[in-house]
Amino acid sequence: MSTINILVTSDAVSPVPIAGVVVSIVDPATQLALVARATTNSSGIAGFDIPDGVYELRIYKREVVFGGPVAITVAGNGAYTVTGTPTTWPPATDPILCRCTGRFVGFSGAPLANATLLFTQAGDSENAMPRLLYSQLVGMSDLIVHTDSEGYVSLDLIRTGEFYLSISGEDLAWGFKVPDRSSANLIDLIHPQPVSLTWDPTSAPSNAVTVQVGQSITVPVSLVLSNYEVLLNGATDLWLLYTNSDATIAPAALASGGMEVTGAVVGTAQVTAAVRPNLYPRRAPDYALSSAPPLTITVTP
């Protein structure tokens, strides 16, 4: 068993650490089975204890562009550095618009240049998007745009508007809602993914609670998605799988009001959350939370 550190930095002339990067170590000899996963700390470091061998690093953080998988050979303790390019989507020029930017690629990963994209209003346009803009009537006509030579498309859309997007030659159409923000990643709006989990700081300061034997409490929990939607309590079950380290000490169950915790016997347990396996659509790298602190439960007499 070896101890290794993965340092993730920007690829600038003067590199800076990138925190919150999900680093997955997979085994290419066993159909890319997950060996370990961790998130970089404020110093841009994710630490692992893994057996010696040949692995691939799959690295992800929203709004940071990394290259393809990184191959590493672990033979004793060591450190490895990976670089990425943080991206800042250009903001819209009007405070009521959102600049939606996204990149499209083909099956080989090469840019999908000059692809035709069709945007149409979703459902009942009277309710699905603003009808009046600065006392001007918003027309309900379709919008056709094309990706550039690098597969990018960038367009301003009215905030809170709802649309369907389809690609020429495909039968699929994806619905999305434009956030109330100056800019957004179009792909993360179309296919949202879980980003970060938070335990209610009032009920569980520092992500920890103390209960007495026989006492029950409820800790609200929230999950932020990449389309800026916030799911609360029981709704998070659609995306997350919760694990209790010792249910004999503190049984815990997710309910509409949050995580219901009961003190059974004196001791300490933790409730952890991870993304449910086999979510669709398929992603590469796979779905992973950039922040999901465990809930520590201490049961006292």
# chains A, B, ... in the order shown; residues from 1 in each chain; ligands from 1
call {"tool": "residues_around", "arguments": {"residues": "A:Glu162", "least_positions_apart": "2", "cutoff": "9 Å", "atoms": "only C-alpha atoms", "output": "count of residues only"}}
result
15
call {"tool": "residues_around", "arguments": {"residues": "A:Thr85", "least_positions_apart": "2", "cutoff": "9 Å", "atoms": "only C-alpha atoms", "output": "ChimeraX atom specification"}}
result
/A:9-12,63-66,83,87
call {"tool": "write_last_selection", "arguments": {"atoms": "C-alpha atoms", "output": "PDB file, in the first residue's frame"}}
result
ATOM      1  CA  THR A   9      -3.325  23.422 -10.216  1.00  0.00           C
ATOM      2  CA  SER A  10      -4.176  25.897 -12.937  1.00  0.00           C
ATOM      3  CA  ASP A  11      -2.062  25.769 -16.074  1.00  0.00           C
ATOM      4  CA  ALA A  12      -1.117  29.445 -15.832  1.00  0.00           C
ATOM      5  CA  GLU A  63     -16.158  25.211 -15.030  1.00  0.00           C
ATOM      6  CA  VAL A  64     -12.618  23.802 -15.153  1.00  0.00           C
ATOM      7  CA  VAL A  65     -11.372  22.187 -18.367  1.00  0.00           C
ATOM      8  CA  PHE A  66      -8.971  19.260 -17.971  1.00  0.00           C
ATOM      9  CA  THR A  83      -3.300  20.976 -14.445  1.00  0.00           C
ATOM     10  CA  THR A  87     -13.212  28.906 -17.424  1.00  0.00           C
TER      11      THR A  87
END
call {"tool": "atom_distance", "arguments": {"atom1": "atom CA of A:Trp174", "atom2": "atom CA of A:Ile190"}}
result
6.3 Å
call {"tool": "closest_atom_pairs", "arguments": {"of": "stretch 132-218 of chain A", "to": "stretch 239-255 of chain A", "cutoff": "12 Å", "atoms": "only C-alpha atoms", "output": "Markdown table"}}
result
| residue | atom | partner | partner_atom | distance |
| --- | --- | --- | --- | --- |
| A:Pro192 | CA | A:Trp239 | CA | 10.8 |
| A:Gln193 | CA | A:Trp239 | CA | 8.5 |
| A:Pro194 | CA | A:Trp239 | CA | 7.1 |
| A:Val195 | CA | A:Trp239 | CA | 10.5 |
| A:Ser196 | CA | A:Leu240 | CA | 10.8 |
| A:Leu197 | CA | A:Leu240 | CA | 9.5 |
| A:Val209 | CA | A:Ala250 | CA | 11.0 |
| A:Thr210 | CA | A:Ala250 | CA | 10.4 |
| A:Val211 | CA | A:Ala250 | CA | 8.9 |
| A:Gln212 | CA | A:Ala250 | CA | 10.0 |
| A:Val213 | CA | A:Ala250 | CA | 8.8 |
| A:Gly214 | CA | A:Ala250 | CA | 9.7 |
| A:Gln215 | CA | A:Ala250 | CA | 9.9 |
| A:Ser216 | CA | A:Ala250 | CA | 9.3 |
| A:Ile217 | CA | A:Ala252 | CA | 9.7 |
| A:Thr218 | CA | A:Ala255 | CA | 8.8 |
call {"tool": "residues_around", "arguments": {"residues": "stretch 101-106 of chain A", "least_positions_apart": "4", "cutoff": "7 Å", "atoms": "only C-alpha atoms", "output": "PyMOL selection string"}}
result
chain A and resi 89+110-112+151-155+184-187
call {"tool": "residues_around", "arguments": {"residues": "A:Gly257", "least_positions_apart": "4", "cutoff": "7 Å", "atoms": "only C-alpha atoms", "output": "compact mmCIF listing (two decimals) with N, CA and C atoms, in the first residue's frame"}}
result
# COMPACT_ATOMS: atom_id res chain seq x y z
N THR A 218 -34.37 16.13 13.74
CA THR A 218 -34.39 16.17 12.27
C THR A 218 -33.43 17.24 11.78
N PRO A 220 -32.36 19.26 8.51
CA PRO A 220 -32.62 19.56 7.10
C PRO A 220 -31.35 19.45 6.27
N ASN A 233 -34.22 18.17 1.38
CA ASN A 233 -34.64 17.04 2.20
C ASN A 233 -34.97 15.80 1.37
N GLY A 234 -36.23 15.33 1.42
CA GLY A 234 -36.58 14.08 0.75
C GLY A 234 -36.34 14.08 -0.74
call {"tool": "residues_around", "arguments": {"residues": "A:Tyr228", "least_positions_apart": "4", "cutoff": "9 Å", "atoms": "only C-alpha atoms", "output": "ChimeraX atom specification"}}
result
/A:179,189,192,224
call {"tool": "write_last_selection", "arguments": {"atoms": "N, CA and C atoms", "output": "short mmCIF file (atom, residue, chain, number, x, y, z; two decimals), in the first residue's frame"}}
result
data_model
loop_
_atom_site.label_atom_id
_atom_site.label_comp_id
_atom_site.auth_asym_id
_atom_site.auth_seq_id
_atom_site.Cartn_x
_atom_site.Cartn_y
_atom_site.Cartn_z
N PRO A 179 -31.26 30.25 -15.82
CA PRO A 179 -31.19 30.76 -14.44
C PRO A 179 -31.17 32.27 -14.41
N LEU A 189 -27.03 23.15 -17.77
CA LEU A 189 -28.45 23.46 -17.66
C LEU A 189 -29.29 22.37 -18.29
N PRO A 192 -28.43 18.63 -15.86
CA PRO A 192 -27.89 18.98 -14.55
C PRO A 192 -27.30 17.78 -13.84
N VAL A 224 -27.44 21.22 -4.12
CA VAL A 224 -27.39 22.15 -5.24
C VAL A 224 -27.04 21.39 -6.51
#
call {"tool": "select_by_dssp", "arguments": {"residues": "stretch 74-235 of chain A", "states": "helix (DSSP H, G or I)", "output": "list in words"}}
result
Ser125, Glu126, Asn127, Ala128, Leu186, Ile187, Asp188, Leu189, Ile190, Pro205, Ser206, Asn207, Asn233, Gly234 and Ala235 of chain A
call {"tool": "write_last_selection", "arguments": {"atoms": "C-alpha atoms", "output": "short mmCIF file (atom, residue, chain, number, x, y, z; two decimals), in the first residue's frame"}}
result
data_model
loop_
_atom_site.label_atom_id
_atom_site.label_comp_id
_atom_site.auth_asym_id
_atom_site.auth_seq_id
_atom_site.Cartn_x
_atom_site.Cartn_y
_atom_site.Cartn_z
CA SER A 125 -45.12 30.15 -23.60
CA GLU A 126 -47.31 32.50 -21.55
CA ASN A 127 -46.13 30.71 -18.39
CA ALA A 128 -42.87 29.12 -19.50
CA LEU A 186 -25.51 25.56 -21.31
CA ILE A 187 -24.64 21.87 -21.01
CA ASP A 188 -25.02 21.90 -17.21
CA LEU A 189 -28.45 23.46 -17.66
CA ILE A 190 -29.58 20.85 -20.16
CA PRO A 205 -23.30 23.31 13.34
CA SER A 206 -19.99 22.09 11.86
CA ASN A 207 -21.96 19.16 10.38
CA ASN A 233 -34.64 17.04 2.20
CA GLY A 234 -36.58 14.08 0.75
CA ALA A 235 -36.17 15.33 -2.81
#
call {"tool": "atom_distance", "arguments": {"atom1": "atom CA of A:Arg58", "atom2": "atom CA of A:Val22"}}
result
8.2 Å
call {"tool": "select_by_dssp", "arguments": {"residues": "stretch 32-230 of chain A", "states": "strand (DSSP E or B)", "output": "PyMOL selection string"}}
result
chain A and resi 33-39+45-50+53-60+64-66+70-74+78-86+97-103+105+111+116-121+132-133+136-137+143-146+152-158+162-167+174-177+183-185+194-199+208-213+216-219+221-225+230
call {"tool": "closest_residue", "arguments": {"among": "A:Glu260, A:Glu229, A:Asp49, A:Asp237", "to": "A:Ser2", "atoms": "only C-alpha atoms"}}
result
A:Asp49
call {"tool": "closest_residue", "arguments": {"among": "A:Gly109, A:Gly44, A:Pro91, A:Gly20", "to": "A:Arg181", "atoms": "only C-alpha atoms"}}
result
A:Pro91
call {"tool": "atom_distance", "arguments": {"atom1": "atom CA of A:Tyr280", "atom2": "atom CA of A:Phe48"}}
result
28.2 Å
